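A.B. asks: See input-v8.csv below, with CSV, C-alpha atoms.
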```csv
chain,number,residue,atom,x,y,z
Z,80,MET,CA,-21.0,187.4,303.9
Z,81,ASP,CA,-20.2,191.1,303.6
Z,82,SER,CA,-20.9,191.5,307.3
Z,83,PRO,CA,-17.8,192.4,309.4
Z,84,ARG,CA,-18.7,189.3,311.5
Z,85,PHE,CA,-17.5,187.1,308.7
Z,86,MET,CA,-14.4,189.1,307.6
Z,87,SER,CA,-11.9,187.3,309.8
Z,88,LEU,CA,-13.5,183.8,309.6
Z,89,PRO,CA,-11.9,181.1,307.6
Z,90,ALA,CA,-13.9,180.5,304.4
Z,91,HIS,CA,-14.9,177.0,305.3
Z,92,ILE,CA,-16.3,178.1,308.6
Z,93,ALA,CA,-18.0,181.3,307.3
Z,94,THR,CA,-19.8,179.3,304.7
Z,95,ILE,CA,-21.4,177.0,307.3
Z,96,ILE,CA,-22.2,179.8,309.8
Z,97,THR,CA,-23.9,181.8,307.0
Z,98,ALA,CA,-26.1,178.9,306.0
Z,99,LEU,CA,-27.0,178.2,309.6
Z,100,ASP,CA,-27.8,181.8,310.4
Z,101,ARG,CA,-29.9,182.2,307.3
Z,102,ALA,CA,-31.9,179.1,307.9
Z,103,GLU,CA,-32.5,179.8,311.6
Z,104,HIS,CA,-33.5,183.4,310.9
Z,105,ARG,CA,-35.9,182.6,308.2
Z,106,LEU,CA,-37.4,179.4,309.6
Z,107,ARG,CA,-37.9,180.7,313.2
Z,108,GLY,CA,-39.1,184.1,311.9
Z,109,GLU,CA,-41.6,182.8,309.3
Z,110,LEU,CA,-42.9,179.5,310.8
Z,111,SER,CA,-44.8,178.7,313.9
Z,112,LYS,CA,-43.3,176.2,316.3
Z,113,ARG,CA,-45.9,173.7,315.2
Z,114,ARG,CA,-45.2,174.2,311.5
Z,115,LEU,CA,-41.4,174.1,312.0
Z,116,ALA,CA,-41.8,170.8,313.9
Z,117,GLU,CA,-43.7,169.4,311.0
Z,118,ARG,CA,-41.1,170.4,308.5
Z,119,ILE,CA,-38.4,168.8,310.7
Z,120,ARG,CA,-40.5,165.6,310.9
Z,121,THR,CA,-40.9,165.4,307.2
Z,122,GLY,CA,-37.2,166.1,306.5
Z,123,HIS,CA,-37.6,169.5,304.8
Z,124,VAL,CA,-35.6,171.0,307.7
Z,125,ILE,CA,-32.6,169.4,309.4
Z,126,ARG,CA,-32.2,169.8,313.1
Z,127,ILE,CA,-28.6,170.0,314.3
Z,128,GLY,CA,-28.0,169.5,318.0
Z,129,ARG,CA,-30.7,171.0,320.1
Z,130,SER,CA,-31.1,174.4,318.4
Z,131,GLY,CA,-29.4,174.3,315.0
Z,132,LEU,CA,-31.4,174.3,311.8
Z,133,ALA,CA,-30.4,173.8,308.2
Z,134,GLU,CA,-32.4,173.8,305.0
Z,135,SER,CA,-32.6,170.3,303.6
Z,136,GLU,CA,-31.6,171.5,300.1
Z,137,VAL,CA,-28.4,173.0,301.6
Z,138,TRP,CA,-27.8,170.1,303.9
Z,139,SER,CA,-28.0,167.6,301.0
Z,140,GLN,CA,-25.3,169.5,299.1
Z,141,TRP,CA,-22.8,169.5,302.0
Z,142,HIS,CA,-20.1,166.8,302.3
Z,143,PRO,CA,-20.1,164.8,305.5
Z,144,GLN,CA,-17.2,166.9,306.7
Z,145,GLN,CA,-19.3,170.1,306.3
Z,146,ARG,CA,-22.2,168.5,308.1
Z,147,HIS,CA,-19.9,167.6,310.9
Z,148,LEU,CA,-18.5,171.1,311.1
Z,149,ALA,CA,-22.1,172.4,311.4
Z,150,ALA,CA,-22.6,170.0,314.3
Z,151,VAL,CA,-19.4,171.2,315.9
Z,152,LEU,CA,-20.4,174.9,315.6
Z,153,VAL,CA,-23.8,174.3,317.1
Z,154,ALA,CA,-22.3,172.2,319.9
Z,155,HIS,CA,-19.9,175.0,320.8
Z,156,ARG,CA,-22.8,177.5,320.8
Z,157,GLU,CA,-24.9,175.3,323.0
Z,158,SER,CA,-22.2,174.4,325.5
Z,159,ARG,CA,-22.2,176.1,328.9
Z,160,SER,CA,-18.4,176.0,329.1
Z,161,ALA,CA,-16.3,176.4,326.0
Z,162,PRO,CA,-15.4,172.9,324.9
Z,163,ILE,CA,-12.1,171.8,323.4
Z,164,PHE,CA,-12.7,169.9,320.2
Z,165,SER,CA,-10.4,167.1,319.1
Z,166,HIS,CA,-10.0,164.3,316.5
Z,167,VAL,CA,-12.1,164.7,313.4
Z,168,SER,CA,-13.9,167.7,314.9
Z,169,ALA,CA,-10.6,169.6,315.3
Z,170,ALA,CA,-9.6,168.6,311.8
Z,171,ALA,CA,-12.9,170.0,310.5
Z,172,LEU,CA,-12.4,173.3,312.3
Z,173,LEU,CA,-8.8,173.5,311.0
Z,174,GLY,CA,-10.0,172.9,307.5
Z,175,LEU,CA,-8.0,169.7,307.1
Z,176,PRO,CA,-9.5,167.2,304.7
Z,177,LEU,CA,-11.1,164.0,306.0
Z,178,TRP,CA,-10.9,161.4,303.3
Z,179,GLY,CA,-13.6,158.7,303.6
Z,180,PHE,CA,-15.3,160.4,306.6
Z,181,ARG,CA,-18.9,159.5,306.9
Z,182,GLY,CA,-19.9,161.5,310.0
Z,183,SER,CA,-19.9,161.2,313.8
Z,184,VAL,CA,-21.0,163.3,316.8
Z,185,PRO,CA,-18.6,166.1,317.8
Z,186,HIS,CA,-15.5,165.0,319.6
Z,187,VAL,CA,-14.3,166.9,322.7
Z,188,LEU,CA,-11.7,166.6,325.4
Z,189,ALA,CA,-13.3,166.0,328.8
Z,190,ARG,CA,-12.2,165.4,332.4
Z,191,SER,CA,-14.7,162.8,333.6
Z,192,THR,CA,-15.7,160.2,331.0
Z,193,HIS,CA,-14.4,158.6,327.8
Z,194,ALA,CA,-17.8,157.2,327.0
Z,195,ARG,CA,-19.8,158.5,324.0
Z,196,THR,CA,-23.1,160.2,324.8
Z,197,GLY,CA,-25.9,160.9,322.3
Z,198,ALA,CA,-24.5,164.4,321.7
Z,199,LEU,CA,-20.8,164.2,322.1
Z,200,ALA,CA,-17.9,161.8,322.0
Z,201,ARG,CA,-15.8,162.6,325.1
Z,202,HIS,CA,-12.0,161.8,325.4
Z,203,VAL,CA,-10.0,162.0,328.6
Z,204,MET,CA,-6.5,162.8,327.6
Z,205,PRO,CA,-3.8,165.1,328.9
Z,206,VAL,CA,-3.2,168.1,326.7
Z,207,SER,CA,-1.0,171.2,327.1
Z,208,GLU,CA,-1.8,174.7,326.2
Z,209,ALA,CA,0.9,174.5,323.5
Z,210,GLU,CA,-1.1,171.8,321.8
Z,211,LEU,CA,-4.2,173.9,321.5
Z,212,VAL,CA,-5.3,176.6,319.1
Z,213,GLU,CA,-8.3,178.9,318.6
Z,214,ILE,CA,-10.2,178.9,315.3
Z,215,ALA,CA,-13.1,181.5,315.0
Z,216,GLY,CA,-13.2,181.8,318.8
Z,217,ILE,CA,-13.4,178.0,319.2
Z,218,ARG,CA,-10.7,176.0,320.9
Z,219,CYS,CA,-9.4,172.8,319.5
Z,220,THR,CA,-6.3,170.7,319.3
Z,221,ALA,CA,-3.5,172.0,317.1
Z,222,PRO,CA,-2.8,170.3,313.8
Z,223,ASP,CA,0.2,168.2,315.0
Z,224,ARG,CA,-1.7,167.0,318.1
Z,225,THR,CA,-4.8,166.4,316.0
Z,226,LEU,CA,-2.9,164.2,313.6
Z,227,PHE,CA,-1.4,162.2,316.5
Z,228,ASP,CA,-4.8,161.7,318.1
Z,229,LEU,CA,-6.4,160.6,314.8
Z,230,ALA,CA,-3.7,158.0,314.3
Z,231,ALA,CA,-5.1,156.1,317.2
Z,232,ARG,CA,-8.6,155.9,315.7
Z,233,GLU,CA,-8.6,156.4,311.9
Z,234,ARG,CA,-7.3,154.6,308.8
Z,235,GLU,CA,-4.1,155.6,307.0
Z,236,GLU,CA,-6.2,156.8,304.0
Z,237,LEU,CA,-7.7,159.6,306.1
Z,238,LEU,CA,-4.4,160.3,307.9
Z,239,VAL,CA,-2.3,160.8,304.9
Z,240,GLY,CA,-4.6,163.5,303.5
Z,241,VAL,CA,-4.5,165.3,306.9
Z,242,ALA,CA,-0.7,165.1,307.1
Z,243,ASP,CA,-0.2,166.3,303.5
Z,244,ALA,CA,-2.6,169.3,303.9
Z,245,HIS,CA,-0.9,170.3,307.2
Z,246,VAL,CA,2.7,170.1,305.9
Z,247,ARG,CA,1.6,171.8,302.7
Z,248,GLY,CA,0.4,174.8,304.8
Z,249,LEU,CA,3.7,174.8,306.7
Z,250,ALA,CA,6.2,174.4,303.9
Z,251,ARG,CA,4.7,175.3,300.5
Z,252,SER,CA,4.2,178.6,298.8
Z,253,ALA,CA,2.7,178.3,295.3
Z,254,ARG,CA,4.8,175.5,293.8
Z,255,ARG,CA,7.9,176.1,295.9
Z,256,VAL,CA,8.5,173.7,298.8
Z,257,ASP,CA,10.8,174.6,301.7
Z,258,GLU,CA,12.5,171.2,302.3
Z,259,ALA,CA,14.2,172.4,305.4
Z,260,VAL,CA,10.8,173.1,307.0
Z,261,VAL,CA,9.5,169.6,306.0
Z,262,LEU,CA,12.6,167.9,307.5
Z,263,ASP,CA,12.3,169.9,310.7
Z,264,TRP,CA,8.6,169.1,311.1
Z,265,ARG,CA,9.2,165.4,310.3
Z,266,GLY,CA,12.0,165.3,312.9
Z,267,GLN,CA,9.8,166.9,315.6
Z,268,MET,CA,7.0,164.5,314.9
Z,269,LEU,CA,9.2,161.4,315.0
Z,270,GLU,CA,10.7,162.6,318.3
Z,271,HIS,CA,7.2,162.9,319.6
Z,272,ALA,CA,6.4,159.4,318.4
Z,273,GLN,CA,9.6,158.2,320.2
Z,274,ARG,CA,8.5,159.8,323.5
Z,275,SER,CA,5.0,158.2,323.0
Z,276,SER,CA,6.3,154.7,322.3
Z,277,GLY,CA,3.7,152.1,323.2
Z,278,ARG,CA,0.7,154.2,322.8
Z,279,ARG,CA,-2.1,153.2,320.4
Z,280,GLY,CA,-1.5,154.4,316.8
Z,281,VAL,CA,2.1,155.5,317.3
Z,282,GLN,CA,3.4,153.1,314.6
Z,283,LYS,CA,0.8,154.3,312.2
Z,284,PHE,CA,1.6,157.9,313.1
Z,285,ARG,CA,5.2,157.3,312.4
Z,286,ARG,CA,4.5,155.8,308.9
Z,287,ILE,CA,2.2,158.7,307.9
Z,288,VAL,CA,4.7,161.3,309.1
Z,289,GLY,CA,7.3,159.6,306.9
Z,290,LEU,CA,5.0,159.6,303.9
Z,291,ALA,CA,3.7,163.2,304.3
Z,292,ASP,CA,4.4,165.3,301.2
Z,293,PRO,CA,3.5,169.0,300.7
Z,294,ARG,CA,3.4,168.6,296.9
Z,295,ALA,CA,0.0,166.8,297.0
Z,296,ASP,CA,-2.7,169.1,295.8
Z,297,SER,CA,-5.7,167.1,297.0
Z,298,PRO,CA,-6.7,164.2,299.3
Z,299,LEU,CA,-7.2,162.1,296.1
Z,300,GLU,CA,-3.6,162.6,295.3
Z,301,SER,CA,-2.6,161.8,298.9
Z,302,VAL,CA,-4.5,158.5,298.9
Z,303,SER,CA,-3.2,157.5,295.5
Z,304,ARG,CA,0.4,158.0,296.6
Z,305,LEU,CA,-0.3,155.9,299.7
Z,306,HIS,CA,-1.6,153.1,297.5
Z,307,PHE,CA,1.5,153.4,295.2
Z,308,HIS,CA,3.7,153.1,298.3
Z,309,ARG,CA,1.9,150.0,299.5
Z,310,LEU,CA,2.1,148.5,296.0
Z,311,ASP,CA,5.9,149.1,295.9
Z,312,ILE,CA,5.5,151.4,292.8
Z,313,ASP,CA,7.9,154.3,292.9
Z,314,VAL,CA,6.5,157.6,291.8
Z,315,GLU,CA,7.5,161.2,291.4
Z,316,PRO,CA,4.6,163.5,292.4
Z,317,GLN,CA,3.9,166.8,290.5
Z,318,PHE,CA,6.2,166.0,287.6
Z,319,GLU,CA,7.1,169.2,285.7
Z,320,ILE,CA,6.8,169.3,281.9
Z,321,PRO,CA,7.2,172.5,279.7
Z,322,ASN,CA,4.0,173.4,277.9
Z,323,GLU,CA,3.4,174.8,274.4
Z,324,GLY,CA,2.9,178.3,275.8
Z,325,GLY,CA,6.2,178.5,277.5
Z,326,GLY,CA,4.8,177.7,280.9
Z,327,THR,CA,4.8,174.4,282.9
Z,328,TYR,CA,2.4,171.5,283.2
Z,329,TYR,CA,2.3,169.6,286.4
Z,330,VAL,CA,1.4,165.9,286.1
Z,331,ASP,CA,0.2,164.3,289.4
Z,332,PHE,CA,2.5,161.3,289.1
Z,333,ARG,CA,5.4,159.9,287.0
Z,334,LEU,CA,5.7,156.2,287.5
Z,335,LEU,CA,9.4,155.7,287.7
Z,336,GLY,CA,10.9,153.2,285.3
Z,337,GLN,CA,7.6,152.6,283.4
Z,338,ASN,CA,7.3,155.5,281.0
Z,339,ILE,CA,3.8,156.2,282.3
Z,340,LEU,CA,2.3,159.4,283.7
Z,341,GLY,CA,-0.8,159.5,285.8
Z,342,GLU,CA,-3.5,162.0,286.7
Z,343,CYS,CA,-6.1,161.5,289.4
Z,344,ASP,CA,-9.2,163.4,288.5
Z,345,GLY,CA,-12.0,164.3,290.9
Z,346,ALA,CA,-15.5,164.7,289.3
Z,347,GLN,CA,-15.5,168.4,290.4
Z,348,LYS,CA,-12.8,169.1,287.8
Z,349,TYR,CA,-15.5,168.7,285.1
Z,350,LEU,CA,-18.6,169.6,287.1
Z,351,ASP,CA,-17.8,172.3,289.7
Z,352,PRO,CA,-18.8,175.8,288.2
Z,353,GLN,CA,-15.9,177.4,290.1
Z,354,MET,CA,-13.3,175.1,288.5
Z,355,LEU,CA,-15.0,175.2,285.1
Z,356,GLY,CA,-15.1,179.0,285.0
Z,357,ALA,CA,-16.6,180.0,281.6
Z,358,ARG,CA,-16.0,176.6,280.1
Z,359,THR,CA,-18.6,173.9,279.6
Z,360,PRO,CA,-17.9,170.3,280.9
Z,361,GLY,CA,-17.3,169.3,277.2
Z,362,GLU,CA,-14.8,172.1,276.8
Z,363,ALA,CA,-13.1,171.0,279.9
Z,364,VAL,CA,-12.8,167.5,278.7
Z,365,LEU,CA,-11.4,168.7,275.3
Z,366,ARG,CA,-8.9,170.9,277.0
Z,367,GLU,CA,-7.7,168.0,279.1
Z,368,LYS,CA,-7.3,165.8,276.0
Z,369,ARG,CA,-5.2,168.5,274.3
Z,370,ARG,CA,-3.1,168.7,277.4
Z,371,ASP,CA,-2.7,164.9,277.5
Z,372,ASP,CA,-1.7,164.9,273.8
Z,373,TRP,CA,1.0,167.5,274.4
Z,374,ILE,CA,2.4,165.7,277.4
Z,375,SER,CA,2.5,162.3,275.7
Z,376,GLY,CA,4.1,163.8,272.6
Z,377,TYR,CA,6.7,165.7,274.7
Z,378,THR,CA,7.6,162.8,277.0
Z,379,ARG,CA,6.9,159.9,274.7
Z,380,GLY,CA,5.1,158.4,277.7
Z,381,ARG,CA,1.5,157.2,278.2
Z,382,MET,CA,-1.0,159.2,280.2
Z,383,ILE,CA,-3.5,157.3,282.4
Z,384,HIS,CA,-6.3,158.7,284.5
Z,385,TRP,CA,-8.2,157.5,287.6
Z,386,GLY,CA,-10.8,158.8,290.0
Z,387,ALA,CA,-12.0,158.5,293.6
Z,388,ARG,CA,-13.8,155.2,292.9
Z,389,ASP,CA,-10.6,153.6,291.7
Z,390,VAL,CA,-8.7,154.2,295.0
Z,391,ARG,CA,-11.3,152.8,297.4
Z,392,THR,CA,-8.9,150.1,298.4
Z,393,THR,CA,-5.3,149.3,297.5
Z,394,ASP,CA,-6.5,146.1,295.8
Z,395,THR,CA,-9.0,148.1,293.7
Z,396,PHE,CA,-6.3,150.5,292.7
Z,397,ALA,CA,-4.0,147.6,291.8
Z,398,GLN,CA,-6.6,146.2,289.5
Z,399,VAL,CA,-7.2,149.5,287.8
Z,400,LEU,CA,-3.4,150.0,287.2
Z,401,ARG,CA,-3.1,146.5,285.8
Z,402,ARG,CA,-5.9,147.2,283.3
Z,403,TYR,CA,-3.8,150.2,282.2
Z,404,GLY,CA,-0.8,148.0,281.7
Z,405,VAL,CA,1.1,149.2,284.7
Z,406,HIS,CA,3.5,146.7,286.2
Z,407,VAL,CA,2.3,146.0,289.8
Z,408,PRO,CA,4.7,143.9,291.9
Z,409,LEU,CA,3.2,140.8,293.3
Z,410,ARG,CA,4.6,141.5,296.7
Z,411,ARG,CA,3.6,144.7,298.6
Z,412,ARG,CA,6.1,147.0,300.2
Z,413,GLU,CA,6.7,146.5,303.9
Z,414,SER,CA,5.4,149.4,305.9
```
Mind converting the file's structure to structure tokens?
C.D. replies:
Amino acid sequence: MDSPRFMSLPAHIATIITALDRAEHRLRGELSKRRLAERIRTGHVIRIGRSGLAESEVWSQWHPQQRHLAAVLVAHRESRSAPIFSHVSAAALLGLPLWGFRGSVPHVLARSTHARTGALARHVMPVSEAELVEIAGIRCTAPDRTLFDLAAREREELLVGVADAHVRGLARSARRVDEAVVLDWRGQMLEHAQRSSGRRGVQKFRRIVGLADPRADSPLESVSRLHFHRLDIDVEPQFEIPNEGGGTYYVDFRLLGQNILGECDGAQKYLDPQMLGARTPGEAVLREKRRDDWISGYTRGRMIHWGARDVRTTDTFAQVLRRYGVHVPLRRRES
């Protein structure tokens, strides 16, 4: 990673390229073709595309989005003419989160066929140069166009995470949100939706643009907020509370009118070494409890927690909230 080759690459791309390069250099340098084929057959080595290789230990630790990004990088390398990646492949290149993504072949824009082949999913769609960007020397649809294209194919749960991450990059610095930028972006996107009236996914695109919020720190928060919206529960994201040290705590959600505050916790919060720092998982849990106690004492409100499993569907989330004593309206909000 110290090589100048990686200095200008986005971290999420450099990580994958590094792993692919190391695997291919070691495996092709140390193993005969016959031995390499045997290791691929037994699953010790993963073949990506025609020529890409990954160590199974590394591959198993990657999320589906990282595996897809590896397939995109290999597809770009193997292509005779530089492809333009789209849909989930563009999102992966852009570093936008894909909630619930389980994998697919790389998606590209093409001139001749919309049919999926064994190696690529091809889409025949008009695109202007203004709707394209280049990431690490690879062309793909820009974030706005990517979100619009995804709306025709993907669920709102995936879309809201993409939209939040994109508008967060446009309008947020640390905790400060430039509301004028958000309003301008939302206006442009709604104008685009108006011009595209009748196209597949436009109504979904319009809903997600209206819901997009740069305050969300993670896809889990984004999906939770989407479920709250569907359940007609009004919330205030990233609610600020003074802490005992003179700083500020930020609680993921304040449930308006219910005197309840909610935190959505991913498992990595207690297991990821980078997030733990020098703390043990037990110390992280204790620290979280002390934080909860302070917040509850200061606000006189109840703290509740949920994780990724609890937001698999809106109905699942509603059941979890009811168990916590949250009032969930019987009728859902109209989209």
A.B. asks: Using only C-alpha atoms, which of Z:Ile163, Z:Ala244, Z:Ala259, Z:Ile374 sits nearest Z:Leu211?
C.D. replies: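 Using only C-alpha atoms, the shortest distance to Z:Leu211 belongs to Z:Ile163.
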A.B. asks: Smallest atom-to-atom distance to Z:Glu210: which of Z:Arg224, Z:His166, Z:Arg105, Z:His245, using all atoms listed in the file?
C.D. replies: Z:Arg224
A.B. asks: Given the point (-12.8, 182.7, 315.3) in the coordinates of this file, which residues lie within 8 Å, counting only C-alpha atoms, and how would they look as a list of chain:residue names?
C.D. replies: Z:Ser87, Z:Leu88, Z:Pro89, Z:Glu213, Z:Ile214, Z:Ala215, Z:Gly216, Z:Ile217
A.B. asks: Calculated over all atoms listed in the file, which of the candidates Z:Ala189, Z:Ile125, Z:Ala169, Z:Ile320 has the smallest distance to Z:Pro205?
C.D. replies: Z:Ala189
